[in-house]
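Shown next: protein.txt, containing compact mmCIF, C-alpha atoms and all ligand atoms.
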```txt
# COMPACT_ATOMS: atom_id res chain seq x y z
CA MET A 22 145.71 261.48 111.78
CA LYS A 23 142.60 262.88 113.42
CA LYS A 24 139.94 261.17 115.49
CA ILE A 25 136.63 261.68 113.72
CA GLY A 26 133.68 261.04 116.02
CA PHE A 27 130.18 260.32 114.74
CA THR A 28 126.77 260.34 116.35
CA THR A 29 125.44 257.18 114.68
CA THR A 30 126.46 254.78 111.92
CA ILE A 31 127.90 256.50 108.85
CA PRO A 32 129.70 255.10 105.78
CA VAL A 33 132.79 254.46 107.90
CA GLU A 34 134.97 253.48 104.93
CA ILE A 35 135.23 257.20 104.09
CA VAL A 36 136.94 257.95 107.42
CA PHE A 37 139.38 255.05 107.09
CA ALA A 38 140.15 256.00 103.47
CA SER A 39 140.94 259.55 104.59
CA ASN A 40 143.61 258.12 106.94
CA ASN A 41 141.74 259.25 110.02
CA ILE A 42 140.40 257.23 112.94
CA PRO A 43 136.62 256.73 113.16
CA VAL A 44 135.14 256.85 116.65
CA ASP A 45 131.53 255.95 117.43
CA LEU A 46 130.69 258.44 120.19
CA ASN A 47 128.04 256.10 121.64
CA ASN A 48 130.70 253.46 122.23
CA ILE A 49 133.00 255.92 124.05
CA PHE A 50 130.17 256.68 126.46
CA ILE A 51 128.89 253.18 127.10
CA THR A 52 132.27 251.45 127.32
CA SER A 53 133.76 254.06 129.66
CA LYS A 54 134.56 252.97 133.22
CA SER A 55 131.95 255.35 134.61
CA PRO A 56 129.20 256.28 132.15
CA TYR A 57 127.37 257.97 135.05
CA LYS A 58 130.08 260.63 135.10
CA PHE A 59 129.25 261.40 131.44
CA LEU A 60 125.62 261.95 132.41
CA GLU A 61 126.51 264.11 135.40
CA TYR A 62 128.84 266.27 133.33
CA ALA A 63 126.15 266.82 130.68
CA GLU A 64 123.50 267.73 133.25
CA ASP A 65 125.90 270.02 135.14
CA ASN A 66 126.49 271.81 131.86
CA GLY A 67 122.81 272.42 131.25
CA ILE A 68 121.62 269.45 129.17
CA PRO A 69 118.04 268.90 130.40
CA ARG A 70 117.58 265.96 132.78
CA ASN A 71 114.75 264.69 130.63
CA SER A 72 116.95 264.30 127.54
CA CYS A 73 117.87 260.82 126.35
CA ASN A 74 120.98 259.54 128.13
CA TRP A 75 122.66 258.55 124.86
CA ILE A 76 122.54 262.23 123.87
CA LYS A 77 124.11 263.22 127.20
CA GLY A 78 126.80 260.59 126.66
CA ILE A 79 127.61 261.82 123.15
CA TYR A 80 127.65 265.43 124.37
CA THR A 81 130.19 264.66 127.11
CA ALA A 82 132.37 262.52 124.83
CA VAL A 83 132.74 265.45 122.43
CA MET A 84 133.04 268.22 125.04
CA LYS A 85 135.79 266.28 126.82
CA ARG A 86 137.62 266.36 123.48
CA SER A 87 137.70 262.59 122.96
CA VAL A 88 137.67 263.40 119.23
CA ASP A 89 139.01 266.17 116.98
CA GLU A 90 136.01 266.58 114.66
CA VAL A 91 132.47 265.27 114.48
CA ILE A 92 130.29 263.86 111.70
CA ALA A 93 126.76 264.54 112.91
CA VAL A 94 123.88 262.62 111.34
CA THR A 95 121.23 265.29 110.85
CA GLN A 96 118.61 263.26 109.01
CA GLY A 97 117.60 259.68 109.66
CA ASP A 98 118.71 259.43 113.27
CA CYS A 99 117.82 261.73 116.11
CA SER A 100 116.32 265.21 116.07
CA ASN A 101 118.37 266.06 119.20
CA THR A 102 121.48 265.97 117.01
CA HIS A 103 120.55 269.36 115.51
CA ALA A 104 120.86 271.06 118.90
CA LEU A 105 124.06 269.13 119.62
CA ILE A 106 125.62 270.48 116.43
CA GLU A 107 124.83 274.03 117.55
CA LEU A 108 126.37 273.36 120.95
CA PHE A 109 129.54 271.87 119.45
CA GLU A 110 129.92 274.69 116.94
CA SER A 111 129.47 277.27 119.67
CA GLU A 112 132.47 275.64 121.38
CA GLY A 113 134.55 275.85 118.20
CA ILE A 114 134.37 272.12 117.43
CA LYS A 115 134.37 271.31 113.71
CA VAL A 116 131.18 269.49 112.68
CA HIS A 117 130.42 267.82 109.33
CA PRO A 118 126.67 267.29 108.85
CA PHE A 119 125.58 264.09 107.09
CA GLY A 120 122.00 263.14 106.21
CA TYR A 121 120.27 259.96 105.08
CA PRO A 122 117.42 260.63 102.64
CA PHE A 123 113.95 260.86 104.11
CA GLY A 124 110.99 261.43 101.79
CA ASN A 125 113.26 262.57 98.92
CA GLU A 126 112.18 262.06 95.31
CA ASN A 127 115.55 260.63 94.36
CA PRO A 128 116.99 259.04 97.53
CA TYR A 129 119.89 257.42 95.67
CA GLN A 130 121.14 260.72 94.27
CA PHE A 131 120.60 262.47 97.61
CA LEU A 132 122.66 259.89 99.49
CA LYS A 133 125.36 259.84 96.83
CA ASN A 134 125.70 263.63 97.16
CA GLU A 135 125.93 263.37 100.95
CA ILE A 136 128.65 260.71 100.64
CA LEU A 137 130.59 262.79 98.10
CA THR A 138 130.30 265.88 100.33
CA ILE A 139 131.84 264.03 103.29
CA CYS A 140 134.57 262.69 100.96
CA LYS A 141 135.34 266.28 99.93
CA ARG A 142 135.35 267.55 103.49
CA LEU A 143 137.76 264.78 104.54
CA ASN A 144 139.80 265.26 101.40
CA VAL A 145 139.54 261.72 100.03
CA SER A 146 138.49 260.46 96.59
CA PHE A 147 135.49 258.19 96.12
CA ASP A 148 137.75 255.68 94.30
CA LYS A 149 139.91 255.35 97.39
CA VAL A 150 136.79 254.80 99.51
CA ILE A 151 135.76 251.94 97.21
CA LYS A 152 139.19 250.31 97.62
CA VAL A 153 138.83 250.45 101.40
CA LYS A 154 135.26 249.11 101.06
CA ASP A 155 136.60 246.06 99.18
CA ARG A 156 139.02 245.39 102.04
CA ILE A 157 136.44 245.90 104.79
CA ASP A 158 133.93 243.71 102.94
CA LYS A 159 136.09 240.75 103.94
CA ILE A 160 135.36 241.62 107.60
CA ARG A 161 131.68 242.26 106.93
CA ARG A 162 131.45 238.73 105.47
CA LYS A 163 132.97 237.33 108.68
CA LEU A 164 130.39 239.24 110.73
CA LYS A 165 127.71 237.43 108.73
CA ILE A 166 129.33 234.13 109.71
CA LEU A 167 129.24 235.25 113.36
CA ASP A 168 125.57 236.20 113.01
CA LYS A 169 124.79 232.80 111.52
CA MET A 170 126.62 231.16 114.44
CA THR A 171 124.28 233.08 116.76
CA ILE A 172 121.27 231.60 114.97
CA ASP A 173 122.87 228.15 115.29
CA GLY A 174 123.51 228.56 119.05
CA LYS A 175 127.31 228.78 119.04
CA VAL A 176 127.55 232.51 119.72
CA SER A 177 125.51 234.13 122.48
CA GLY A 178 123.16 237.07 121.96
CA PHE A 179 125.44 239.30 124.01
CA GLU A 180 128.55 238.36 122.02
CA ASN A 181 126.59 238.99 118.84
CA HIS A 182 125.52 242.40 120.19
CA LEU A 183 129.10 243.37 121.08
CA TRP A 184 130.67 242.39 117.76
CA LEU A 185 127.96 243.97 115.64
CA VAL A 186 127.67 247.17 117.66
CA THR A 187 131.42 247.75 117.49
CA SER A 188 131.43 247.27 113.72
CA THR A 189 130.26 250.89 113.38
CA ASP A 190 133.87 252.01 113.84
CA PHE A 191 135.74 248.64 114.05
CA ASN A 192 137.19 250.03 117.28
CA GLY A 193 139.13 252.50 115.15
CA ASP A 194 141.41 249.84 113.63
CA PHE A 195 139.87 247.27 111.29
CA GLU A 196 143.04 245.16 110.99
CA THR A 197 143.14 244.46 114.73
CA TYR A 198 139.36 244.05 114.83
CA GLU A 199 139.59 241.39 112.12
CA LYS A 200 142.34 239.46 113.92
CA GLU A 201 140.30 239.42 117.12
CA LEU A 202 137.18 238.40 115.20
CA ASP A 203 139.04 235.52 113.50
CA SER A 204 140.24 234.22 116.81
CA PHE A 205 136.78 234.57 118.38
CA ILE A 206 135.10 232.69 115.51
CA GLU A 207 137.71 229.94 115.66
CA LYS A 208 137.12 229.41 119.40
CA ALA A 209 133.32 229.61 119.10
CA THR A 210 133.29 227.02 116.30
CA SER A 211 134.34 224.27 118.70
CA ARG A 212 131.67 225.12 121.31
CA ASN A 213 128.65 222.97 122.04
CA VAL A 214 125.37 224.29 120.68
CA ALA A 215 123.17 226.07 123.26
CA ASP A 216 119.88 224.22 123.61
CA ASN A 217 117.64 226.89 125.12
CA ASN A 218 113.98 226.29 124.41
CA ILE A 219 113.03 229.89 123.70
CA ARG A 220 114.47 231.96 120.85
CA LEU A 221 114.20 235.72 121.24
CA GLY A 222 114.83 238.73 119.03
CA PHE A 223 115.90 242.14 120.30
CA ILE A 224 114.64 245.07 118.28
CA GLY A 225 115.05 248.81 118.74
CA VAL A 226 118.07 250.90 119.70
CA PRO A 227 120.82 248.93 121.47
CA PRO A 228 119.98 248.53 125.18
CA ILE A 229 121.78 250.74 127.69
CA PHE A 230 121.75 247.95 130.32
CA ASP A 231 124.82 245.82 131.09
CA ASN A 232 123.27 242.57 132.15
CA ILE A 233 120.02 242.12 130.23
CA TYR A 234 121.38 239.41 127.91
CA GLN A 235 122.89 237.52 130.81
CA PHE A 236 119.59 237.64 132.70
CA ILE A 237 117.63 236.36 129.68
CA GLU A 238 120.05 233.47 129.18
CA GLU A 239 119.87 232.53 132.88
CA LYS A 240 116.12 232.19 132.39
CA GLY A 241 116.61 229.62 129.64
CA ALA A 242 116.14 231.78 126.55
CA SER A 243 118.58 232.71 123.78
CA VAL A 244 118.76 235.97 121.87
CA VAL A 245 119.23 234.92 118.25
CA PHE A 246 118.63 238.29 116.60
CA ASN A 247 119.81 241.83 117.35
CA GLU A 248 117.96 243.94 114.85
CA VAL A 249 119.64 247.35 114.93
CA GLN A 250 123.10 246.03 115.80
CA ARG A 251 122.88 243.75 112.73
CA GLN A 252 121.88 246.74 110.63
CA PHE A 253 124.87 248.67 112.02
CA SER A 254 127.08 245.97 110.45
CA ILE A 255 125.59 246.89 107.02
CA PRO A 256 124.39 243.42 105.99
CA SER A 257 123.28 244.43 102.47
CA ASN A 258 124.85 242.31 99.72
CA SER A 259 124.72 245.09 97.16
CA GLU A 260 127.99 245.76 95.35
CA ASP A 261 126.89 249.38 94.91
CA TYR A 262 128.30 251.35 97.84
CA VAL A 263 125.51 253.94 97.87
CA GLN A 264 122.76 251.33 97.53
CA ARG A 265 124.17 249.49 100.50
CA TYR A 266 123.52 252.47 102.75
CA LEU A 267 120.02 252.76 101.28
CA ASP A 268 119.36 249.11 102.18
CA TYR A 269 120.50 249.84 105.76
CA THR A 270 117.11 250.12 107.48
CA TYR A 271 117.81 252.06 110.70
CA PRO A 272 117.77 255.65 109.36
CA TYR A 273 114.61 255.21 107.32
CA ASP A 274 110.95 254.77 108.14
CA ILE A 275 109.64 252.08 110.46
CA PHE A 276 108.00 250.13 107.62
CA LYS A 277 111.36 249.24 106.08
CA ARG A 278 112.51 248.02 109.49
CA ILE A 279 109.35 245.96 109.98
CA GLU A 280 109.87 244.22 106.62
CA ASP A 281 113.37 243.21 107.73
CA ILE A 282 112.19 242.10 111.20
CA LYS A 283 109.44 239.91 109.69
CA ILE A 284 111.95 238.08 107.49
CA GLN A 285 114.31 237.51 110.43
CA VAL A 286 111.49 236.30 112.73
CA ARG A 287 110.58 233.69 110.14
CA ASP A 288 114.12 232.62 109.18
CA ARG A 289 115.46 232.53 112.75
CA LYS A 290 112.35 230.78 114.14
CA ILE A 291 111.88 233.48 116.76
CA ASP A 292 109.32 232.81 119.54
CA GLY A 293 109.14 236.32 120.97
CA ILE A 294 110.45 239.85 120.55
CA ILE A 295 111.87 242.26 123.11
CA HIS A 296 111.37 245.81 121.89
CA TYR A 297 113.88 247.95 123.73
CA VAL A 298 113.07 251.65 123.96
CA GLN A 299 115.12 254.41 125.52
CA SER A 300 113.45 256.88 127.89
CA PHE A 301 112.70 260.24 126.25
CA CYS A 302 113.33 258.84 122.74
CA TYR A 303 110.87 259.70 119.97
CA ARG A 304 111.26 256.15 118.64
CA GLN A 305 109.10 254.92 121.54
CA ILE A 306 106.08 256.07 119.54
CA GLN A 307 106.92 253.47 116.87
CA ASP A 308 106.09 250.75 119.41
CA VAL A 309 102.42 251.22 118.46
CA ILE A 310 103.06 250.34 114.80
CA ILE A 311 105.46 247.51 115.67
CA LYS A 312 102.86 245.82 117.89
CA LYS A 313 100.22 246.15 115.18
CA SER A 314 102.49 244.79 112.46
CA LEU A 315 104.22 241.73 113.93
CA ASP A 316 102.37 238.51 114.68
CA VAL A 317 104.74 237.25 117.36
CA PRO A 318 104.50 238.08 121.11
CA ILE A 319 106.26 241.34 121.97
CA ILE A 320 107.35 242.84 125.27
CA THR A 321 108.44 246.47 125.42
CA ILE A 322 111.25 247.22 127.84
CA GLU A 323 112.18 250.80 128.61
CA GLY A 324 115.63 251.74 129.87
CA ASN A 325 117.08 255.02 131.05
CA ASP A 326 120.31 254.65 133.03
CA PRO A 327 123.36 252.52 132.23
CA GLY A 328 123.96 249.62 134.61
CA ASN A 329 121.91 246.63 135.66
CA ILE A 330 118.25 246.03 134.93
CA ASP A 331 115.84 246.83 137.77
CA ALA A 332 113.71 244.28 139.67
CA ARG A 333 110.48 245.21 137.87
CA THR A 334 112.04 244.65 134.45
CA LYS A 335 113.42 241.31 135.65
CA ILE A 336 109.95 240.16 136.73
CA ARG A 337 108.39 241.28 133.44
CA LEU A 338 111.05 239.49 131.39
CA GLU A 339 110.74 236.35 133.48
CA SER A 340 106.95 236.26 133.03
CA PHE A 341 107.34 236.85 129.30
CA ILE A 342 109.76 233.93 128.94
CA GLU A 343 107.46 231.69 131.05
CA MET A 344 104.51 232.62 128.86
CA LEU A 345 106.52 231.77 125.72
CA ASN A 346 107.54 228.44 127.25
CA GLU A 347 103.91 227.52 127.99
CA ARG A 348 102.86 228.63 124.52
CA LYS A 349 105.58 226.55 122.87
CA ASN A 350 104.99 223.43 124.95
S1 LIG B 401 117.88 256.68 121.79
FE1 LIG B 401 116.45 257.97 120.65
S2 LIG B 401 116.60 260.01 121.57
FE2 LIG B 401 118.37 258.81 122.23
S3 LIG B 401 120.00 259.31 120.77
FE3 LIG B 401 119.00 257.46 120.01
S4 LIG B 401 117.39 258.19 118.60
FE4 LIG B 401 118.04 259.96 119.87
```

Let me see the structure of the file written as structure tokens.
Amino acid sequence: MKKIGFTTTIPVEIVFASNNIPVDLNNIFITSKSPYKFLEYAEDNGIPRNSCNWIKGIYTAVMKRSVDEVIAVTQGDCSNTHALIELFESEGIKVHPFGYPFGNENPYQFLKNEILTICKRLNVSFDKVIKVKDRIDKIRRKLKILDKMTIDGKVSGFENHLWLVTSTDFNGDFETYEKELDSFIEKATSRNVADNNIRLGFIGVPPIFDNIYQFIEEKGASVVFNEVQRQFSIPSNSEDYVQRYLDYTYPYDIFKRIEDIKIQVRDRKIDGIIHYVQSFCYRQIQDVIIKKSLDVPIITIEGNDPGNIDARTKIRLESFIEMLNERKN
């Protein structure tokens, strides 16, 4: 049984079906006791200081041999991944490239071929993957219940973030993940409903900060939508396995994401949006289109280092929530 790391969400059922352990490299970095050490190690080894810190974290996780092999998403995620692949290969680490279709004439066929190639590389049949998918679907349905409980005020924005973000690899063991999820949902069901006046949505890559959700809630607002984390949980209802990963909006163009965000803003009665952007990330440029396309107040928050949010960000968030309160009242 090998640990197969990946740089961003992939069709994880393939790894489980191949009897290996999937490991989201981002989660290794951010849940480590000292993520700063990951950054230091990467910089000491020559990764430029002005690279995105998630890239440094992934680099260190792999170089420290937290995994045996890597599935690197070459299309639909991050252009930095190409250079990472070269670095890993130069160190003798086995890398399997995987791409989501971008601008292809037949995206369905492209994605199907990519999925079948990974199946072949991991020596597992597509039929076996579908059997595992049917089992994991039970858990994906429970994650939808959890997401609905967030809308209804029984599950906090941070809890929602944690459960959805860890669904990329189900912490390497979906049976245990499901048991813990069942027990969490059972406890949360008997909670009182949070009655915060302001309902916020978080869009963009998951924030690198530890305490941003807690700070927002202390200021009387609730996060009722985590855009990318929800997408990581593959919310598509399609029975077609390939189609499901085409419906997943994160690896495709911004317009597909905006369509999804608009629906969620309406259905979740969202008062304002926090657009989180990571320093040195090309996705920051998309902020321009997002602000033009959504007709709900938006604040853009940039983060670089793991840890707590800085004083300036706190003041900006506080003013944003105050403004939304005045607007609503
Ligand atoms: S935050 Fe941006 S630059 Fe960093 S890994 Fe993700 S896509 Fe790449």

Produce a table with one row for each residue of chain A that has an atom at most 9 Å from any atom of ligand LIG 401 (chain B), each row naming the nearest atom pair and its distance in Å at one decimal; use all atoms listed in the file; arrange rows by chain and rising residue number; format as JSON lines.
```
{"residue": "A:Thr28", "atom": "CA", "partner": "B:LIG401", "partner_atom": "S3", "distance": 8.2}
{"residue": "A:Thr29", "atom": "CA", "partner": "B:LIG401", "partner_atom": "FE3", "distance": 8.4}
{"residue": "A:Asn47", "atom": "CA", "partner": "B:LIG401", "partner_atom": "S3", "distance": 8.7}
{"residue": "A:Ser72", "atom": "CA", "partner": "B:LIG401", "partner_atom": "S2", "distance": 7.4}
{"residue": "A:Cys73", "atom": "CA", "partner": "B:LIG401", "partner_atom": "FE2", "distance": 4.6}
{"residue": "A:Asn74", "atom": "CA", "partner": "B:LIG401", "partner_atom": "FE2", "distance": 6.5}
{"residue": "A:Trp75", "atom": "CA", "partner": "B:LIG401", "partner_atom": "S3", "distance": 4.9}
{"residue": "A:Ile76", "atom": "CA", "partner": "B:LIG401", "partner_atom": "S3", "distance": 5.0}
{"residue": "A:Lys77", "atom": "CA", "partner": "B:LIG401", "partner_atom": "S3", "distance": 8.6}
{"residue": "A:Ile79", "atom": "CA", "partner": "B:LIG401", "partner_atom": "S3", "distance": 8.4}
{"residue": "A:Asp98", "atom": "CA", "partner": "B:LIG401", "partner_atom": "S4", "distance": 5.6}
{"residue": "A:Cys99", "atom": "CA", "partner": "B:LIG401", "partner_atom": "FE4", "distance": 4.2}
{"residue": "A:Ser100", "atom": "CA", "partner": "B:LIG401", "partner_atom": "FE4", "distance": 6.7}
{"residue": "A:Asn101", "atom": "CA", "partner": "B:LIG401", "partner_atom": "FE4", "distance": 6.1}
{"residue": "A:Thr102", "atom": "CA", "partner": "B:LIG401", "partner_atom": "FE4", "distance": 7.5}
{"residue": "A:Gly225", "atom": "CA", "partner": "B:LIG401", "partner_atom": "S1", "distance": 8.9}
{"residue": "A:Val226", "atom": "CA", "partner": "B:LIG401", "partner_atom": "S1", "distance": 6.1}
{"residue": "A:Pro227", "atom": "CA", "partner": "B:LIG401", "partner_atom": "S1", "distance": 8.3}
{"residue": "A:Val298", "atom": "CA", "partner": "B:LIG401", "partner_atom": "S1", "distance": 7.3}
{"residue": "A:Gln299", "atom": "CA", "partner": "B:LIG401", "partner_atom": "S1", "distance": 5.2}
{"residue": "A:Ser300", "atom": "CA", "partner": "B:LIG401", "partner_atom": "S1", "distance": 7.5}
{"residue": "A:Phe301", "atom": "CA", "partner": "B:LIG401", "partner_atom": "S2", "distance": 6.1}
{"residue": "A:Cys302", "atom": "CA", "partner": "B:LIG401", "partner_atom": "S2", "distance": 3.7}
{"residue": "A:Tyr303", "atom": "CA", "partner": "B:LIG401", "partner_atom": "FE1", "distance": 5.9}
{"residue": "A:Arg304", "atom": "CA", "partner": "B:LIG401", "partner_atom": "FE1", "distance": 5.9}
{"residue": "A:Gln305", "atom": "CA", "partner": "B:LIG401", "partner_atom": "FE1", "distance": 8.0}
```

Mind checking which residues fall within 8 Å of segment 34-41 of chain A, counting all atoms listed in the file, ignoring those fewer than 4 positions away in the same chain, and posting them as a PDB file with C-alpha atoms, in the frame of the given file?
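Heads up, here's the output in out_9.pdb:
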```pdb
ATOM      1  CA  MET A  22     145.710 261.480 111.780  1.00  0.00           C
ATOM      2  CA  LYS A  23     142.600 262.880 113.420  1.00  0.00           C
ATOM      3  CA  LYS A  24     139.940 261.170 115.490  1.00  0.00           C
ATOM      4  CA  ILE A  25     136.630 261.680 113.720  1.00  0.00           C
ATOM      5  CA  ILE A 139     131.840 264.030 103.290  1.00  0.00           C
ATOM      6  CA  CYS A 140     134.570 262.690 100.960  1.00  0.00           C
ATOM      7  CA  LEU A 143     137.760 264.780 104.540  1.00  0.00           C
ATOM      8  CA  ASN A 144     139.800 265.260 101.400  1.00  0.00           C
ATOM      9  CA  VAL A 145     139.540 261.720 100.030  1.00  0.00           C
ATOM     10  CA  LYS A 149     139.910 255.350  97.390  1.00  0.00           C
ATOM     11  CA  VAL A 150     136.790 254.800  99.510  1.00  0.00           C
ATOM     12  CA  ILE A 151     135.760 251.940  97.210  1.00  0.00           C
ATOM     13  CA  VAL A 153     138.830 250.450 101.400  1.00  0.00           C
ATOM     14  CA  LYS A 154     135.260 249.110 101.060  1.00  0.00           C
ATOM     15  CA  ILE A 157     136.440 245.900 104.790  1.00  0.00           C
TER      16      ILE A 157
END
```

**OP:** Between A:Asp190, A:Phe147, A:Pro118, A:Phe246, single out the one closest to Thr171 of chain A, counting all atoms listed in the file.
**Re:**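 Closest to Thr171 of chain A of all the choices is A:Phe246.
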
**OP:** Name the residues in contact with segment 214-220 of chain A at a cut-off of 12 Å, using only C-alpha atoms, excluding same-chain residues fewer than 5 positions from it; report them as a PyMOL selection string.
**Re:** chain A and resi 170-178+209+237-247+285-295+317-318+339+341-350

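For the pair atom CA of Tyr62 of chain A and atom CA of Met84 of chain A, the separation is 9.5 Å.
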
Subject >> Sel. within 6 Å of pt (120.8, 246.9, 107.0), counting all atoms listed in the file, output as a list in words >> reply: Gln252, Ile255, Pro256, Ser257, Asp268, Tyr269 and Thr270 of chain A

**OP:** Go through A:Glu207, A:Glu64, A:Asp45, A:Asp89 and flag the residue nearest Gly113 of chain A, using all atoms listed in the file for the distances.
**Re:**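 Using all atoms listed in the file, Gly113 of chain A sits closest to A:Asp89.
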
Original post:
Can you list, as a ChimeraX atom specification, every protein, DNA or RNA residue that comes within 8 Å of segment 119-123 of chain A when you count only C-alpha atoms, leaving out same-chain residues fewer than 6 positions away?
Top reply: /A:92-97,131-132,135-136,139,272-274

Subject >> Between atom CA of Gly328 of chain A and atom CA of Ile68 of chain A, distance in Å (one decimal) >> reply: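 Going from atom CA of Gly328 of chain A over to atom CA of Ile68 of chain A covers 20.7 Å.
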
**OP:** Rounded to one decimal place, report the atom CA of Ser188 of chain A-atom CA of Ser254 of chain A distance in Å.
**Re:**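 Value for the atom CA of Ser188 of chain A-atom CA of Ser254 of chain A distance: 5.6 Å.
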
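Using all atoms listed in the file for every distance, the candidate list A:Ile233, A:Ile306, A:Val263, A:Ile284 yields A:Ile233 as the residue closest to Gly324 of chain A.
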
Original post:
Between A:Phe191, A:Glu260, A:Ile206, A:Lys152, which is the closest to Lys169 of chain A once you count all atoms listed in the file?
Top reply: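 The closest residue to Lys169 of chain A is A:Ile206.
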
Original post:
Taking all atoms listed in the file into account, which of A:Gly78, A:Asp158, A:Ala104, A:Phe27 comes nearest Tyr262 of chain A?
Top reply: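 For Tyr262 of chain A, the nearest of the given residues is A:Asp158.
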
Original post:
Which one of A:Tyr80, A:Ala332, A:Lys200, A:Gln235 sits closest to Lys159 of chain A if you count all atoms listed in the file?
Top reply: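 Going through A:Tyr80, A:Ala332, A:Lys200, A:Gln235 one by one, the smallest distance to Lys159 of chain A is for A:Lys200.
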
Produce the centre coordinates and the three edge lengths, each in Å to one decimal, of the box along x, y and z that contains all listed atoms of segment 285-296 of chain A with 3 Å added on each side, as lines of an AutoDock Vina configuration file.
```
center_x = 112.3
center_y = 238.3
center_z = 116.1
size_x = 12.3
size_y = 21.0
size_z = 19.9
```
